[in-house]
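Just structure-v3.txt here, compact mmCIF, C-alpha atoms and all ligand atoms:
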```txt
# COMPACT_ATOMS: atom_id res chain seq x y z
CA HIS A 1 -14.18 -24.93 -18.10
CA HIS A 2 -17.68 -23.81 -19.01
CA ASP A 3 -19.59 -26.39 -17.07
CA HIS A 4 -18.47 -24.92 -13.80
CA PRO A 5 -21.78 -23.85 -12.19
CA TYR A 6 -20.35 -20.49 -11.29
CA LEU A 7 -19.41 -19.68 -14.87
CA ARG A 8 -22.90 -20.60 -16.02
CA LEU A 9 -24.26 -18.18 -13.45
CA LEU A 10 -21.94 -15.45 -14.68
CA GLU A 11 -23.12 -15.88 -18.23
CA LYS A 12 -26.71 -15.36 -17.19
CA MET A 13 -25.95 -12.04 -15.57
CA PRO A 14 -26.23 -9.19 -18.05
CA CYS A 15 -24.12 -6.78 -16.01
CA VAL A 16 -21.10 -9.02 -15.85
CA PRO A 17 -18.51 -9.09 -18.61
CA THR A 18 -17.73 -12.73 -19.36
CA GLY A 19 -15.08 -12.10 -21.95
CA ARG A 20 -13.19 -9.40 -23.77
CA THR A 21 -16.08 -8.37 -25.95
CA LEU A 22 -17.02 -5.42 -23.78
CA LYS A 23 -14.24 -2.92 -24.29
CA THR A 24 -13.34 -0.57 -21.52
CA GLY A 25 -13.95 3.16 -21.68
CA ARG A 26 -16.50 5.63 -20.38
CA GLN A 27 -18.99 5.00 -23.17
CA THR A 28 -19.36 1.33 -22.42
CA MET A 29 -19.15 1.74 -18.66
CA LEU A 30 -21.33 -0.76 -16.90
CA PRO A 31 -23.59 0.18 -14.03
CA HIS A 32 -22.22 -0.93 -10.70
CA THR A 33 -24.53 -2.97 -8.57
CA PRO A 34 -22.96 -3.34 -5.16
CA LEU A 35 -24.28 -6.03 -2.84
CA THR A 36 -27.12 -7.02 -5.10
CA SER A 37 -25.35 -10.03 -6.54
CA THR A 38 -25.40 -13.49 -5.14
CA PRO A 39 -22.47 -15.85 -4.85
CA PRO A 40 -22.75 -19.15 -6.74
CA GLU A 41 -24.98 -21.66 -5.00
CA ASN A 42 -22.06 -23.94 -4.22
CA ALA A 43 -19.95 -21.18 -2.64
CA MET A 44 -20.49 -21.17 1.09
CA ILE A 45 -20.10 -17.47 1.64
CA ASP A 46 -22.33 -15.04 3.45
CA ASN A 47 -23.02 -11.93 1.41
CA GLN A 48 -23.85 -9.96 4.52
CA ARG A 49 -20.45 -10.50 6.10
CA LEU A 50 -18.06 -9.74 3.28
CA PRO A 51 -14.80 -7.95 4.05
CA GLN A 52 -14.97 -4.35 2.89
CA HIS A 53 -11.26 -4.37 2.06
CA ILE A 54 -9.24 -7.26 0.63
CA ALA A 55 -5.48 -6.90 0.15
CA ILE A 56 -3.58 -9.34 -2.05
CA ILE A 57 0.10 -10.20 -2.47
CA MET A 58 0.02 -11.48 -6.04
CA ASP A 59 2.95 -13.90 -5.99
CA GLY A 60 4.01 -16.78 -8.20
CA ASN A 61 3.96 -15.29 -11.71
CA GLY A 62 7.56 -16.25 -12.43
CA ARG A 63 7.21 -19.83 -11.22
CA TRP A 64 3.93 -20.22 -13.11
CA ALA A 65 5.76 -19.31 -16.34
CA GLN A 66 8.88 -21.35 -15.61
CA ALA A 67 6.79 -24.44 -14.91
CA ARG A 68 5.50 -24.08 -18.48
CA GLY A 69 8.93 -23.52 -20.00
CA MET A 70 8.16 -19.87 -20.63
CA VAL A 71 10.06 -16.72 -19.74
CA ARG A 72 9.10 -15.02 -16.47
CA SER A 73 7.50 -12.05 -18.21
CA LYS A 74 4.88 -14.41 -19.69
CA GLY A 75 3.87 -15.10 -16.12
CA HIS A 76 3.39 -11.41 -15.45
CA GLN A 77 1.31 -11.20 -18.60
CA ALA A 78 -0.88 -14.06 -17.43
CA GLY A 79 -1.08 -12.32 -14.06
CA VAL A 80 -2.84 -9.37 -15.67
CA GLU A 81 -5.68 -11.68 -16.69
CA ALA A 82 -6.07 -12.73 -13.07
CA VAL A 83 -6.09 -9.09 -11.97
CA ASP A 84 -8.89 -8.46 -14.41
CA LYS A 85 -10.88 -11.45 -13.20
CA ILE A 86 -10.50 -10.73 -9.49
CA THR A 87 -11.16 -7.01 -9.88
CA SER A 88 -14.39 -7.71 -11.76
CA GLU A 89 -15.47 -10.25 -9.21
CA CYS A 90 -14.73 -8.05 -6.19
CA SER A 91 -16.55 -5.22 -7.89
CA ARG A 92 -19.54 -7.44 -8.60
CA LEU A 93 -19.65 -8.67 -5.01
CA GLY A 94 -19.67 -5.13 -3.64
CA ILE A 95 -16.23 -5.24 -2.00
CA ARG A 96 -15.26 -1.59 -1.39
CA PHE A 97 -11.45 -1.77 -1.55
CA LEU A 98 -9.08 -4.15 -3.29
CA THR A 99 -5.38 -3.47 -2.78
CA LEU A 100 -2.98 -5.33 -5.07
CA TYR A 101 0.75 -5.61 -4.42
CA THR A 102 1.98 -5.12 -7.96
CA PHE A 103 5.61 -4.07 -7.62
CA SER A 104 7.57 -3.64 -4.42
CA THR A 105 10.42 -1.31 -3.53
CA GLU A 106 12.57 -4.45 -3.34
CA ASN A 107 11.47 -5.53 -6.84
CA TRP A 108 13.59 -2.66 -8.25
CA ASN A 109 16.52 -5.01 -7.59
CA ARG A 110 15.33 -7.50 -10.21
CA PRO A 111 17.08 -7.76 -13.60
CA PRO A 112 16.35 -4.58 -15.62
CA GLU A 113 14.71 -6.59 -18.43
CA GLU A 114 12.14 -7.97 -16.01
CA VAL A 115 11.51 -4.57 -14.42
CA ASN A 116 11.01 -3.09 -17.89
CA ALA A 117 8.66 -5.87 -18.91
CA ILE A 118 6.52 -5.28 -15.81
CA MET A 119 6.43 -1.52 -16.37
CA GLN A 120 5.47 -1.95 -20.02
CA LEU A 121 2.74 -4.35 -19.03
CA LEU A 122 1.44 -1.84 -16.54
CA ILE A 123 1.14 0.86 -19.15
CA THR A 124 -0.79 -1.36 -21.55
CA SER A 125 -3.05 -2.96 -18.96
CA LEU A 126 -3.91 0.12 -16.91
CA VAL A 127 -5.39 1.91 -19.89
CA GLU A 128 -7.30 -0.94 -21.43
CA GLU A 129 -8.37 -3.29 -18.77
CA THR A 130 -10.32 -3.72 -15.60
CA PHE A 131 -11.13 -0.18 -14.51
CA MET A 132 -13.89 1.70 -16.27
CA LYS A 133 -16.01 -1.28 -17.10
CA ASN A 134 -17.18 -1.83 -13.56
CA ASN A 135 -17.26 1.72 -12.23
CA VAL A 136 -13.87 1.13 -10.59
CA ARG A 137 -11.89 3.98 -9.07
CA MET A 138 -8.13 3.40 -9.40
CA ARG A 139 -5.54 4.74 -6.97
CA VAL A 140 -1.82 4.12 -6.71
CA ILE A 141 0.18 3.95 -3.50
CA GLY A 142 3.97 3.92 -3.66
CA ASP A 143 7.04 5.97 -4.46
CA ARG A 144 6.14 7.66 -7.76
CA GLU A 145 9.45 9.45 -7.96
CA ARG A 146 11.18 6.23 -8.90
CA LEU A 147 8.82 5.55 -11.80
CA ALA A 148 9.67 6.47 -15.38
CA PRO A 149 7.84 9.62 -16.56
CA GLU A 150 5.63 7.69 -19.00
CA VAL A 151 4.56 5.25 -16.29
CA ARG A 152 3.80 8.13 -13.96
CA LYS A 153 1.78 9.93 -16.59
CA CYS A 154 -0.14 6.77 -17.31
CA ILE A 155 -1.14 6.17 -13.70
CA GLU A 156 -1.95 9.82 -13.10
CA ASP A 157 -4.24 9.88 -16.15
CA CYS A 158 -5.88 6.69 -15.04
CA GLU A 159 -6.44 7.99 -11.51
CA LYS A 160 -7.90 11.19 -12.91
CA HIS A 161 -10.21 9.45 -15.38
CA THR A 162 -11.54 7.04 -12.80
CA SER A 163 -11.74 9.40 -9.83
CA GLU A 164 -15.49 9.98 -10.18
CA ASN A 165 -16.33 6.28 -10.29
CA THR A 166 -18.33 5.12 -7.32
CA GLY A 167 -17.81 1.38 -7.28
CA LEU A 168 -14.82 -0.61 -6.08
CA THR A 169 -11.65 1.32 -5.27
CA LEU A 170 -8.75 -0.59 -6.78
CA VAL A 171 -5.52 0.35 -5.06
CA ILE A 172 -2.35 -0.55 -6.95
CA ALA A 173 0.70 -0.77 -4.68
CA LEU A 174 3.47 0.17 -7.08
CA SER A 175 7.07 0.89 -6.14
CA TYR A 176 5.57 0.35 -2.71
CA SER A 177 6.87 -0.93 0.56
CA SER A 178 5.38 -0.44 3.96
CA ARG A 179 8.60 0.81 5.52
CA TRP A 180 8.92 3.36 2.73
CA GLU A 181 5.34 4.49 3.38
CA ILE A 182 5.80 4.73 7.14
CA THR A 183 9.10 6.59 6.73
CA ASP A 184 7.39 9.03 4.38
CA ALA A 185 4.60 9.57 6.92
CA MET A 186 7.17 10.26 9.65
CA LYS A 187 8.71 12.98 7.47
CA HIS A 188 5.31 14.66 7.07
CA ILE A 189 4.64 14.49 10.77
CA ALA A 190 8.11 15.82 11.67
CA GLN A 191 7.59 18.71 9.26
CA LYS A 192 4.28 19.62 10.94
CA VAL A 193 5.94 19.58 14.35
CA LYS A 194 8.74 21.75 12.99
CA ASP A 195 6.22 24.17 11.50
CA GLY A 196 4.49 24.37 14.85
CA THR A 197 1.15 23.04 13.60
CA LEU A 198 1.41 19.79 15.56
CA GLU A 199 2.41 19.10 19.16
CA PRO A 200 4.37 15.86 19.78
CA ASP A 201 1.95 15.04 22.60
CA ASP A 202 -0.95 15.18 20.17
CA ILE A 203 0.49 12.46 17.95
CA ASN A 204 -1.65 9.35 18.20
CA GLU A 205 -2.42 6.33 16.02
CA GLN A 206 -4.84 8.35 13.95
CA THR A 207 -2.17 10.96 13.21
CA ILE A 208 0.03 8.24 11.78
CA ALA A 209 -2.77 6.62 9.78
CA GLU A 210 -3.75 10.01 8.35
CA ASN A 211 -0.23 10.71 7.16
CA LEU A 212 0.19 7.39 5.36
CA GLU A 213 -0.26 7.47 1.60
CA SER A 214 -3.03 4.93 2.05
CA HIS A 215 -4.94 7.25 4.42
CA PHE A 216 -8.10 7.00 2.26
CA MET A 217 -8.65 3.30 2.81
CA PRO A 218 -9.83 1.31 5.82
CA ASP A 219 -7.54 -1.44 7.14
CA PRO A 220 -7.94 -4.68 5.20
CA GLU A 221 -9.91 -7.34 7.05
CA LEU A 222 -8.40 -10.02 4.82
CA LEU A 223 -4.88 -10.36 3.40
CA ILE A 224 -4.38 -13.04 0.75
CA ARG A 225 -0.97 -14.22 -0.47
CA THR A 226 -0.76 -16.57 -3.44
CA GLY A 227 2.30 -18.53 -4.58
CA GLY A 228 3.02 -20.55 -1.45
CA GLU A 229 5.28 -18.23 0.57
CA GLN A 230 4.11 -17.37 4.05
CA ARG A 231 5.49 -13.90 4.57
CA ILE A 232 4.38 -10.27 4.34
CA SER A 233 7.28 -8.93 2.22
CA ASN A 234 7.02 -5.34 3.45
CA TYR A 235 3.32 -4.96 2.61
CA LEU A 236 0.86 -2.83 4.61
CA LEU A 237 2.57 -3.53 7.96
CA TRP A 238 0.67 -0.81 9.80
CA GLN A 239 -2.67 -1.53 8.14
CA CYS A 240 -2.55 -5.31 8.59
CA ALA A 241 -2.12 -5.12 12.37
CA TYR A 242 -5.35 -7.11 12.81
CA SER A 243 -5.99 -8.53 9.36
CA GLU A 244 -6.83 -12.18 8.87
CA LEU A 245 -4.06 -13.81 6.85
CA TYR A 246 -4.79 -16.36 4.13
CA PHE A 247 -2.05 -18.21 2.28
CA THR A 248 -2.56 -20.39 -0.76
CA ASP A 249 -0.11 -22.36 -2.93
CA ILE A 250 -1.97 -21.34 -6.10
CA PHE A 251 0.24 -19.24 -8.37
CA TRP A 252 -1.26 -15.83 -9.06
CA PRO A 253 -2.10 -16.46 -12.76
CA ASP A 254 -4.22 -19.44 -11.67
CA PHE A 255 -6.06 -17.55 -8.93
CA ASP A 256 -9.68 -17.34 -10.06
CA GLU A 257 -13.15 -16.54 -8.73
CA LYS A 258 -13.45 -19.93 -7.08
CA ALA A 259 -10.14 -19.40 -5.29
CA LEU A 260 -11.35 -15.99 -4.14
CA TYR A 261 -14.53 -17.52 -2.75
CA ASN A 262 -12.47 -20.11 -0.88
CA ALA A 263 -10.44 -17.33 0.73
CA ILE A 264 -13.55 -15.39 1.73
CA GLU A 265 -15.18 -18.54 3.06
CA ASP A 266 -12.10 -19.26 5.16
CA TYR A 267 -12.13 -15.67 6.45
CA GLN A 268 -15.77 -15.97 7.44
CA HIS A 269 -14.97 -18.94 9.64
CA ARG A 270 -12.46 -16.96 11.70
CA GLU A 271 -13.35 -15.44 15.04
CA ARG A 272 -11.94 -11.92 15.11
CA ARG A 273 -11.29 -11.34 18.79
CA PHE A 274 -9.23 -8.12 18.84
CA GLY A 275 -7.67 -9.12 22.14
CA LYS A 276 -10.91 -10.11 23.83
CA THR A 277 -11.95 -13.59 24.89
CA SER A 278 -14.14 -15.76 22.73
CA ALA A 279 -16.94 -15.50 25.30
CA GLN A 280 -16.80 -11.70 25.15
CA VAL A 281 -16.91 -11.71 21.37
CA LYS A 282 -19.91 -14.05 21.36
CA ALA A 283 -21.69 -11.87 23.91
CA ASP A 284 -20.96 -8.76 21.80
CA THR A 285 -22.36 -10.36 18.65
CA GLY A 286 -25.39 -11.60 20.53
CA LEU A 287 -25.96 -8.06 21.75
CA GLN A 288 -25.67 -6.67 18.24
CA GLN A 289 -28.19 -9.16 16.95
CA THR A 290 -30.81 -8.32 19.56
CA VAL A 291 -30.50 -4.56 19.06
C1 LIG A 301 4.88 -11.71 -8.31
O1 LIG A 301 5.38 -12.82 -8.96
C2 LIG A 301 4.90 -10.48 -9.18
C3 LIG A 301 5.96 -9.52 -8.82
C4 LIG A 301 6.71 -9.59 -7.78
C5 LIG A 301 6.15 -8.41 -9.74
P1 LIG A 301 6.93 -13.17 -8.95
O2 LIG A 301 7.57 -12.53 -10.14
O3 LIG A 301 7.54 -12.84 -7.65
O4 LIG A 301 6.87 -14.73 -9.15
P2 LIG A 301 7.77 -15.81 -8.43
O5 LIG A 301 7.61 -15.62 -6.95
O6 LIG A 301 9.17 -15.60 -8.88
O7 LIG A 301 7.19 -17.11 -8.90
C1 LIG A 302 6.10 -9.55 -3.23
O1 LIG A 302 6.51 -10.59 -4.05
C2 LIG A 302 5.86 -8.34 -4.05
C3 LIG A 302 4.77 -8.44 -5.02
C4 LIG A 302 3.92 -9.42 -5.12
C5 LIG A 302 4.65 -7.34 -5.92
P1 LIG A 302 8.04 -11.02 -4.11
O2 LIG A 302 8.09 -12.25 -4.92
O3 LIG A 302 8.87 -9.90 -4.59
O4 LIG A 302 8.36 -11.31 -2.59
P2 LIG A 302 9.64 -11.94 -1.90
O5 LIG A 302 10.79 -11.03 -2.17
O6 LIG A 302 9.85 -13.29 -2.50
O7 LIG A 302 9.30 -12.01 -0.46
MG MG A 303 7.74 -13.88 -5.88
```
Show me the file's structure as structure tokens.
Ligand code: IPE
Ligand code: IPE
Ligand code: MG
Amino acid sequence: HHDHPYLRLLEKMPCVPTGRTLKTGRQTMLPHTPLTSTPPENAMIDNQRLPQHIAIIMDGNGRWAQARGMVRSKGHQAGVEAVDKITSECSRLGIRFLTLYTFSTENWNRPPEEVNAIMQLLITSLVEETFMKNNVRMRVIGDRERLAPEVRKCIEDCEKHTSENTGLTLVIALSYSSRWEITDAMKHIAQKVKDGTLEPDDINEQTIAENLESHFMPDPELLIRTGGEQRISNYLLWQCAYSELYFTDIFWPDFDEKALYNAIEDYQHRERRFGKTSAQVKADTGLQQTV
């Protein structure tokens, strides 16, 4: 494991936690150094063209565990380690937003034992792991009303304690589905029309975006799904209108820094045309470069 060139590089960097020795908490908070880090020499990614927002559907925890003869909840536990790893790495790279699909509206239909295990895991991992150590600001999107009071308190405390952090914004999609979010936004908009503060004719795309719970984040340029399925599962439908999609068979607990680099590298080879022709896009970039 340790002779991977990237890991050697990590160990040399004083600002990067390589293990669990650096405990989280304000006192031991590490300075955030956005965009000053370099990718490993063997990773073919361009630091100047990183996505500012990466969204991930973290799938495959259950199958990861079952393949090892373990109960599904062990897979969720292992998944927390991957969350920690990927959050640190995105933070180190200077990515501005990382949105993780943690628990969907539809996941409420799972067996109660599994739902409970996930919620318990959330409470223990939100407090201890991943957030303060890299100047990470944590936000939750989703239907909080369905969460148990102790889970709600935990995320609210965490949001409050990390709200002044200036590094990566980690968005946890919890009890979240895109149709729920859009429906909720429609209610807000309808209320404004009813109150007479908004004219139906004035409703545009920005009105809708502003009324979504995720209004504070830019659209993700890159959407990653692990675990082999090629579907969106009710995630960020509005926001992913023009995102680049990346699917990998790797189960979430096995998704590591190298896998993240592969996804970013793949993204950087895409031509984002936004409806234009390739020639137009090339001309536009040429123009930008000469300015
Ligand atoms: C994703 O892993 C995590 C959650 C949905 C909470 P799964 O639990 O869906 O794992 P698989 O897809 O069954 O392997
Ligand atoms: C999507 O995973 C939700 C999360 C990763 C939290 P699922 O495993 O629940 O997705 P489907 O139902 O198989 O599409
Ligand atoms: Mg799944």
request  = Dump as a ChimeraX atom specification all residues having an atom at most 12 Å from (2.7, -24.6, -15.7), computed in the file's coordinates with only C-alpha atoms.
outcome  = /A:60-72,74-75,78,250-254
Local residues around (-2.9, -15.3, 6.3), at most 12 Å away, using all atoms listed in the file, as a ChimeraX atom specification = /A:54-57,220-226,228-232,240-249,263-264,266-267,270
Minimum-distance residue to ligand LIG 301 (chain A), chosen among A:Thr197, A:Ser163, A:Thr87, A:Ser233 (using only C-alpha atoms and all ligand atoms) =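 Once distances to ligand LIG 301 (chain A) are computed over only C-alpha atoms and all ligand atoms, the minimum belongs to A:Ser233.
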key: Å distance separating CA of Glu145 (chain A) from CA of Ser175 (chain A), one decimal place   = 9.1 Å
ask   = Given the choices A:Cys90, A:Met217, A:Leu174, A:Leu121, which gets closest to Gln77 (chain A) if the distance is worked out from all atoms listed in the file?
value =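 Among A:Cys90, A:Met217, A:Leu174, A:Leu121, it is A:Leu121 that comes nearest to Gln77 (chain A).
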Nearest-residue call for ligand MG 303 (chain A), choices A:Asp202, A:Glu106, A:Asp284, A:Glu81, using all atoms listed in the file =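 Looking only at the distances to ligand MG 303 (chain A), the closest residue turns out to be A:Glu106.
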Proximity check chain A to ligand LIG 302 (chain A), 6 Å, nearest pairs one decimal Å, only C-alpha atoms and all ligand atoms, as CSV:
```
residue,atom,partner,partner_atom,distance
A:Ile57,CA,A:LIG302,C4,4.7
A:Met58,CA,A:LIG302,C4,4.5
A:Asp59,CA,A:LIG302,C4,4.7
A:Tyr101,CA,A:LIG302,C5,4.5
A:Thr102,CA,A:LIG302,C5,4.0
A:Phe103,CA,A:LIG302,C5,3.8
A:Ser104,CA,A:LIG302,C5,4.9
A:Asn107,CA,A:LIG302,O3,5.6
A:Ser233,CA,A:LIG302,O7,4.6
```
message = Restricting the calculation to only C-alpha atoms and all ligand atoms: of A:Ala185, A:Arg110, A:Arg49, A:Gly196, which residue gets closest to ligand MG 303 (chain A)?
response =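 When distances to ligand MG 303 (chain A) are compared using only C-alpha atoms and all ligand atoms, the smallest one comes from A:Arg110.
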message = Please determine, counting only C-alpha atoms, which residue among A:Cys154, A:Trp108, A:Ala209, A:Ser91 has the shortest atom-to-atom distance to Gln120 (chain A).
response =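 Nearest candidate to Gln120 (chain A) out of A:Cys154, A:Trp108, A:Ala209, A:Ser91: A:Cys154.
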request  = Could you tell me how far CA of Leu212 (chain A) lies from CA of Arg146 (chain A), in Å and to one decimal?
outcome  =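 Atom-to-atom, CA of Leu212 (chain A) to CA of Arg146 (chain A), that is 18.0 Å.
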query = Between CA of Asn109 (chain A) and atom O5 of ligand LIG 301 (chain A), what is the distance, to one decimal in Å?
reply =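 About the pair CA of Asn109 (chain A) and atom O5 of ligand LIG 301 (chain A): they are 13.9 Å apart.
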Would you compute an axis-aligned box for ligand LIG 301 (chain A), covering every atom listed for it in the file with 3 Å of margin on each side, and report centre and edge lengths in Å to one decimal as JSON?
```
{"center_x": 7.0, "center_y": -12.8, "center_z": -8.5, "size_x": 10.3, "size_y": 14.7, "size_z": 9.2}
```
message = I need the residue nearest ligand LIG 301 (chain A) from this list: A:Gly227, A:Asn211, A:Ser125, A:Ser177. Use all atoms listed in the file for the distance.
response = A:Gly227
